[in-house]
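Q: Mind having a look at this structure? Questions to follow.
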Amino acid sequence: MRTAGRMVAEVLETLREKVRPGVTTLELDCLAEECCHRWNARPAFKGYGGFPFTICASPNDRVVHGFANKDPLSDGDIVSIDFGLIFDGYYGDSAVTIPVGQIDSETDHLLDVTRDSLIAGIEAAQVDAHLTDISNAVQSLAESEGFSIVREFVGHGIGRQLHEEPQIPNYGSPGRGPKLKQGMTFAIEPMVNVGSPKVKVLEDGWTAVTVDGKRSAHFEHTIAITHNGPEVMTRL
Ligand code: MG
Ligand code: MG
């Protein structure tokens, strides 16, 4: 999983370097797929439940599971890119929200807070903590900054499958769910909205958007629980 996670991180860093006004998410999708082929890894999302792309590309009010397309990104946009792969039987899964050119200060704050809420969730993932300590840490941080947490999509166990038990909501009371043990591996992935937490899915059956059209950010890491604290496997 460390190897798979490192590959995921390398791909997302490669995509981040390409993001600028004028680039299309379809170009980013092709690049991610090329990286997988080069490393004998297989994209995790393409074909998953019929999902048609290697990355999920979700600009601005898109929350998650957006389709790559030929629309050029514009200065001031943000784009959430979620990417996973399988290598040697194990999955890695990670997401980042990337600014396109110069973004406004509220959007910049949204990105900082979403990233910080992921970090807070990761720090709560300690041996003998409870699963929902992660959920509560994520929610507390995001809401303390006046943003809202998406309820419909959650983090998850990960390993030999992309999505394993348990589900990890990004909200809720602490102290519930299973106790965390050394060797458990999770994908923690807060989705944070500027406005309403409510989302709807578009007619393509996949793309989730905010109901109020305001922006949403998404950060995700694959981690392992260890006696030395959480180990982030999808960070360079
Ligand atoms: Mg993901
Ligand atoms: Mg995930």
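In the structure tokens, chains take the letters A, B, ... in the order shown, each chain's residues start at 1, and ligands count up from 1 in the order shown.
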Determine, counting only C-alpha atoms, which protein, DNA and RNA residues have an atom within 12 Å of an atom of Met1 in chain A; residues of the same chain fewer than 2 positions away are not included. Present the result as a PDB file with N, CA, C and O atoms, in the first residue's frame.

A:
ATOM      1  N   THR A   3       3.645   1.545  -1.643  1.00  0.00           N
ATOM      2  CA  THR A   3       4.040   1.744  -3.045  1.00  0.00           C
ATOM      3  C   THR A   3       2.897   2.331  -3.849  1.00  0.00           C
ATOM      4  O   THR A   3       3.077   3.313  -4.590  1.00  0.00           O
ATOM      5  N   ALA A   4       1.705   1.747  -3.694  1.00  0.00           N
ATOM      6  CA  ALA A   4       0.538   2.259  -4.419  1.00  0.00           C
ATOM      7  C   ALA A   4       0.264   3.710  -4.022  1.00  0.00           C
ATOM      8  O   ALA A   4      -0.016   4.565  -4.873  1.00  0.00           O
ATOM      9  N   GLY A   5       0.351   3.976  -2.731  1.00  0.00           N
ATOM     10  CA  GLY A   5       0.089   5.326  -2.239  1.00  0.00           C
ATOM     11  C   GLY A   5       1.072   6.343  -2.791  1.00  0.00           C
ATOM     12  O   GLY A   5       0.700   7.454  -3.186  1.00  0.00           O
ATOM     13  N   ARG A   6       2.330   5.931  -2.861  1.00  0.00           N
ATOM     14  CA  ARG A   6       3.353   6.839  -3.389  1.00  0.00           C
ATOM     15  C   ARG A   6       3.083   7.145  -4.874  1.00  0.00           C
ATOM     16  O   ARG A   6       3.248   8.273  -5.328  1.00  0.00           O
ATOM     17  N   MET A   7       2.655   6.111  -5.605  1.00  0.00           N
ATOM     18  CA  MET A   7       2.319   6.329  -7.027  1.00  0.00           C
ATOM     19  C   MET A   7       1.163   7.312  -7.165  1.00  0.00           C
ATOM     20  O   MET A   7       1.192   8.198  -8.031  1.00  0.00           O
ATOM     21  N   VAL A   8       0.156   7.147  -6.333  1.00  0.00           N
ATOM     22  CA  VAL A   8      -0.997   8.066  -6.377  1.00  0.00           C
ATOM     23  C   VAL A   8      -0.512   9.498  -6.132  1.00  0.00           C
ATOM     24  O   VAL A   8      -0.901  10.439  -6.842  1.00  0.00           O
ATOM     25  N   GLY A  84      -7.271   7.266  -7.869  1.00  0.00           N
ATOM     26  CA  GLY A  84      -6.850   6.046  -7.203  1.00  0.00           C
ATOM     27  C   GLY A  84      -6.277   5.075  -8.209  1.00  0.00           C
ATOM     28  O   GLY A  84      -6.556   5.160  -9.411  1.00  0.00           O
ATOM     29  N   LEU A  85      -5.453   4.158  -7.712  1.00  0.00           N
ATOM     30  CA  LEU A  85      -4.924   3.106  -8.581  1.00  0.00           C
ATOM     31  C   LEU A  85      -4.739   1.840  -7.762  1.00  0.00           C
ATOM     32  O   LEU A  85      -4.758   1.859  -6.524  1.00  0.00           O
ATOM     33  N   ILE A  86      -4.571   0.733  -8.496  1.00  0.00           N
ATOM     34  CA  ILE A  86      -4.216  -0.532  -7.846  1.00  0.00           C
ATOM     35  C   ILE A  86      -2.877  -0.972  -8.395  1.00  0.00           C
ATOM     36  O   ILE A  86      -2.642  -0.933  -9.611  1.00  0.00           O
ATOM     37  N   PHE A  87      -1.971  -1.352  -7.491  1.00  0.00           N
ATOM     38  CA  PHE A  87      -0.659  -1.848  -7.889  1.00  0.00           C
ATOM     39  C   PHE A  87      -0.342  -3.066  -7.032  1.00  0.00           C
ATOM     40  O   PHE A  87      -0.424  -3.002  -5.804  1.00  0.00           O
ATOM     41  N   ASP A  88       0.003  -4.163  -7.694  1.00  0.00           N
ATOM     42  CA  ASP A  88       0.389  -5.378  -6.985  1.00  0.00           C
ATOM     43  C   ASP A  88      -0.673  -5.798  -5.956  1.00  0.00           C
ATOM     44  O   ASP A  88      -0.347  -6.260  -4.862  1.00  0.00           O
ATOM     45  N   GLY A  89      -1.929  -5.598  -6.331  1.00  0.00           N
ATOM     46  CA  GLY A  89      -3.024  -6.090  -5.499  1.00  0.00           C
ATOM     47  C   GLY A  89      -3.535  -5.126  -4.437  1.00  0.00           C
ATOM     48  O   GLY A  89      -4.470  -5.469  -3.706  1.00  0.00           O
ATOM     49  N   TYR A  90      -2.930  -3.949  -4.338  1.00  0.00           N
ATOM     50  CA  TYR A  90      -3.337  -3.004  -3.288  1.00  0.00           C
ATOM     51  C   TYR A  90      -3.668  -1.635  -3.860  1.00  0.00           C
ATOM     52  O   TYR A  90      -3.031  -1.178  -4.817  1.00  0.00           O
ATOM     53  N   TYR A  91      -4.644  -1.001  -3.204  1.00  0.00           N
ATOM     54  CA  TYR A  91      -5.155   0.292  -3.671  1.00  0.00           C
ATOM     55  C   TYR A  91      -4.557   1.462  -2.907  1.00  0.00           C
ATOM     56  O   TYR A  91      -4.243   1.355  -1.717  1.00  0.00           O
ATOM     57  N   GLY A  92      -4.459   2.587  -3.629  1.00  0.00           N
ATOM     58  CA  GLY A  92      -4.220   3.894  -3.014  1.00  0.00           C
ATOM     59  C   GLY A  92      -5.281   4.842  -3.547  1.00  0.00           C
ATOM     60  O   GLY A  92      -5.739   4.680  -4.689  1.00  0.00           O
ATOM     61  N   ASP A  93      -5.664   5.835  -2.757  1.00  0.00           N
ATOM     62  CA  ASP A  93      -6.778   6.727  -3.099  1.00  0.00           C
ATOM     63  C   ASP A  93      -6.505   8.071  -2.435  1.00  0.00           C
ATOM     64  O   ASP A  93      -6.248   8.124  -1.227  1.00  0.00           O
ATOM     65  N   ILE A 158      -9.813   0.783   3.073  1.00  0.00           N
ATOM     66  CA  ILE A 158      -9.183   0.561   1.761  1.00  0.00           C
ATOM     67  C   ILE A 158      -8.058  -0.440   1.928  1.00  0.00           C
ATOM     68  O   ILE A 158      -7.456  -0.520   2.999  1.00  0.00           O
ATOM     69  N   GLY A 159      -7.774  -1.211   0.885  1.00  0.00           N
ATOM     70  CA  GLY A 159      -6.702  -2.206   0.968  1.00  0.00           C
ATOM     71  C   GLY A 159      -6.678  -3.028  -0.300  1.00  0.00           C
ATOM     72  O   GLY A 159      -6.268  -2.552  -1.350  1.00  0.00           O
ATOM     73  N   ARG A 160      -7.184  -4.255  -0.204  1.00  0.00           N
ATOM     74  CA  ARG A 160      -7.299  -5.090  -1.409  1.00  0.00           C
ATOM     75  C   ARG A 160      -8.513  -4.731  -2.234  1.00  0.00           C
ATOM     76  O   ARG A 160      -8.651  -5.172  -3.370  1.00  0.00           O
ATOM     77  N   GLN A 161      -9.417  -3.948  -1.632  1.00  0.00           N
ATOM     78  CA  GLN A 161     -10.534  -3.356  -2.360  1.00  0.00           C
ATOM     79  C   GLN A 161     -10.422  -1.843  -2.240  1.00  0.00           C
ATOM     80  O   GLN A 161      -9.854  -1.326  -1.275  1.00  0.00           O
ATOM     81  N   LEU A 162     -11.008  -1.151  -3.237  1.00  0.00           N
ATOM     82  CA  LEU A 162     -10.999   0.318  -3.172  1.00  0.00           C
ATOM     83  C   LEU A 162     -11.831   0.803  -1.999  1.00  0.00           C
ATOM     84  O   LEU A 162     -11.415   1.704  -1.265  1.00  0.00           O
ATOM     85  N   GLY A 183      -2.414  -1.309  11.933  1.00  0.00           N
ATOM     86  CA  GLY A 183      -2.548  -2.045  10.675  1.00  0.00           C
ATOM     87  C   GLY A 183      -3.831  -1.760   9.920  1.00  0.00           C
ATOM     88  O   GLY A 183      -3.947  -2.148   8.757  1.00  0.00           O
ATOM     89  N   MET A 184      -4.794  -1.102  10.556  1.00  0.00           N
ATOM     90  CA  MET A 184      -6.002  -0.696   9.807  1.00  0.00           C
ATOM     91  C   MET A 184      -5.622   0.384   8.805  1.00  0.00           C
ATOM     92  O   MET A 184      -4.769   1.229   9.087  1.00  0.00           O
ATOM     93  N   THR A 185      -6.260   0.336   7.645  1.00  0.00           N
ATOM     94  CA  THR A 185      -5.954   1.315   6.592  1.00  0.00           C
ATOM     95  C   THR A 185      -7.244   1.964   6.105  1.00  0.00           C
ATOM     96  O   THR A 185      -8.213   1.274   5.775  1.00  0.00           O
ATOM     97  N   PHE A 186      -7.208   3.287   6.065  1.00  0.00           N
ATOM     98  CA  PHE A 186      -8.407   4.073   5.766  1.00  0.00           C
ATOM     99  C   PHE A 186      -8.121   5.118   4.704  1.00  0.00           C
ATOM    100  O   PHE A 186      -6.985   5.613   4.595  1.00  0.00           O
ATOM    101  N   ALA A 187      -9.180   5.490   3.983  1.00  0.00           N
ATOM    102  CA  ALA A 187      -9.157   6.711   3.176  1.00  0.00           C
ATOM    103  C   ALA A 187     -10.060   7.725   3.880  1.00  0.00           C
ATOM    104  O   ALA A 187     -11.255   7.469   4.053  1.00  0.00           O
ATOM    105  N   THR A 222      -4.886   8.321   1.911  1.00  0.00           N
ATOM    106  CA  THR A 222      -4.911   6.938   2.396  1.00  0.00           C
ATOM    107  C   THR A 222      -3.896   6.832   3.525  1.00  0.00           C
ATOM    108  O   THR A 222      -2.731   7.216   3.346  1.00  0.00           O
ATOM    109  N   ILE A 223      -4.338   6.344   4.668  1.00  0.00           N
ATOM    110  CA  ILE A 223      -3.463   6.285   5.848  1.00  0.00           C
ATOM    111  C   ILE A 223      -3.476   4.894   6.463  1.00  0.00           C
ATOM    112  O   ILE A 223      -4.393   4.095   6.228  1.00  0.00           O
ATOM    113  N   ALA A 224      -2.455   4.633   7.274  1.00  0.00           N
ATOM    114  CA  ALA A 224      -2.414   3.407   8.083  1.00  0.00           C
ATOM    115  C   ALA A 224      -2.339   3.797   9.550  1.00  0.00           C
ATOM    116  O   ALA A 224      -1.665   4.767   9.913  1.00  0.00           O
ATOM    117  N   GLU A 231       0.107   6.917   9.652  1.00  0.00           N
ATOM    118  CA  GLU A 231       1.090   7.042   8.578  1.00  0.00           C
ATOM    119  C   GLU A 231       0.337   7.397   7.285  1.00  0.00           C
ATOM    120  O   GLU A 231      -0.525   6.622   6.843  1.00  0.00           O
ATOM    121  N   VAL A 232       0.667   8.535   6.713  1.00  0.00           N
ATOM    122  CA  VAL A 232       0.023   8.953   5.468  1.00  0.00           C
ATOM    123  C   VAL A 232       0.775   8.307   4.301  1.00  0.00           C
ATOM    124  O   VAL A 232       1.964   8.542   4.119  1.00  0.00           O
ATOM    125  N   MET A 233       0.071   7.482   3.526  1.00  0.00           N
ATOM    126  CA  MET A 233       0.753   6.734   2.457  1.00  0.00           C
ATOM    127  C   MET A 233       0.653   7.432   1.099  1.00  0.00           C
ATOM    128  O   MET A 233       1.336   7.035   0.170  1.00  0.00           O
ATOM    129  N   THR A 234      -0.194   8.455   0.998  1.00  0.00           N
ATOM    130  CA  THR A 234      -0.378   9.141  -0.288  1.00  0.00           C
ATOM    131  C   THR A 234       0.203  10.560  -0.247  1.00  0.00           C
ATOM    132  O   THR A 234      -0.307  11.465  -0.879  1.00  0.00           O
TER     133      THR A 234
END

Q: Can you tell me which residues sit at most 7 Å away from ligand 2, counting only C-alpha atoms and all ligand atoms, written as an MDAnalysis selection string?

A: chainID A and resid 93:94 155:156 187 189 220

Q: Convert the current residue selection to file output with C-alpha atoms, as a PDB file, in the first residue's frame.

A:
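part_12.pdb, freshly written:
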ATOM      1  CA  ASP A  93      -6.778   6.727  -3.099  1.00  0.00           C
ATOM      2  CA  SER A  94      -6.231  10.461  -2.665  1.00  0.00           C
ATOM      3  CA  GLY A 155     -14.380   8.056   3.804  1.00  0.00           C
ATOM      4  CA  HIS A 156     -13.801   4.316   3.850  1.00  0.00           C
ATOM      5  CA  ALA A 187      -9.157   6.711   3.176  1.00  0.00           C
ATOM      6  CA  GLU A 189     -11.830  12.442   2.683  1.00  0.00           C
ATOM      7  CA  GLU A 220      -8.220  12.854   0.775  1.00  0.00           C
TER       8      GLU A 220
END

Q: Have a look at A:Asp112, A:Glu13, A:Asp71, A:Glu152 and name the one nearest to Phe219 in chain A; count only C-alpha atoms.

A: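 Nearest candidate to Phe219 in chain A out of A:Asp112, A:Glu13, A:Asp71, A:Glu152: A:Asp112.
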
Q: Please identify which residues in range 16-218 of chain A DSSP calls alpha helix (DSSP H) from the backbone, and express them as a PyMOL selection string.

A: chain A and resi 16-18+25-38+105-123+131-144

Q: Can you check which residues of range 104-229 of chain A DSSP gives as strand (DSSP E) on the backbone and send them as a ChimeraX atom specification?

A: /A:148-149,155-157,164-168,185-188,191-193,199-201,208-210,216-218,221-224

Q: Which one of A:Ile98, A:Leu28, A:Gly50, A:Ile55 sits closest to Lys70 in chain A if you count only C-alpha atoms?

A: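 Looking at the shortest contact to Lys70 in chain A, the residue is A:Leu28.
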
Q: Could you please determine the separation between CA of Ser80 in chain A and CA of Ala9 in chain A in Å, to one decimal place?

A: 14.4 Å

Q: Would you mind telling me which residue in A:Phe51, A:Glu10, A:Ser135, A:His163 lies nearest to ligand 1 when using only C-alpha atoms and all ligand atoms?

A: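 Using only C-alpha atoms and all ligand atoms, the shortest distance to ligand 1 belongs to A:His163.
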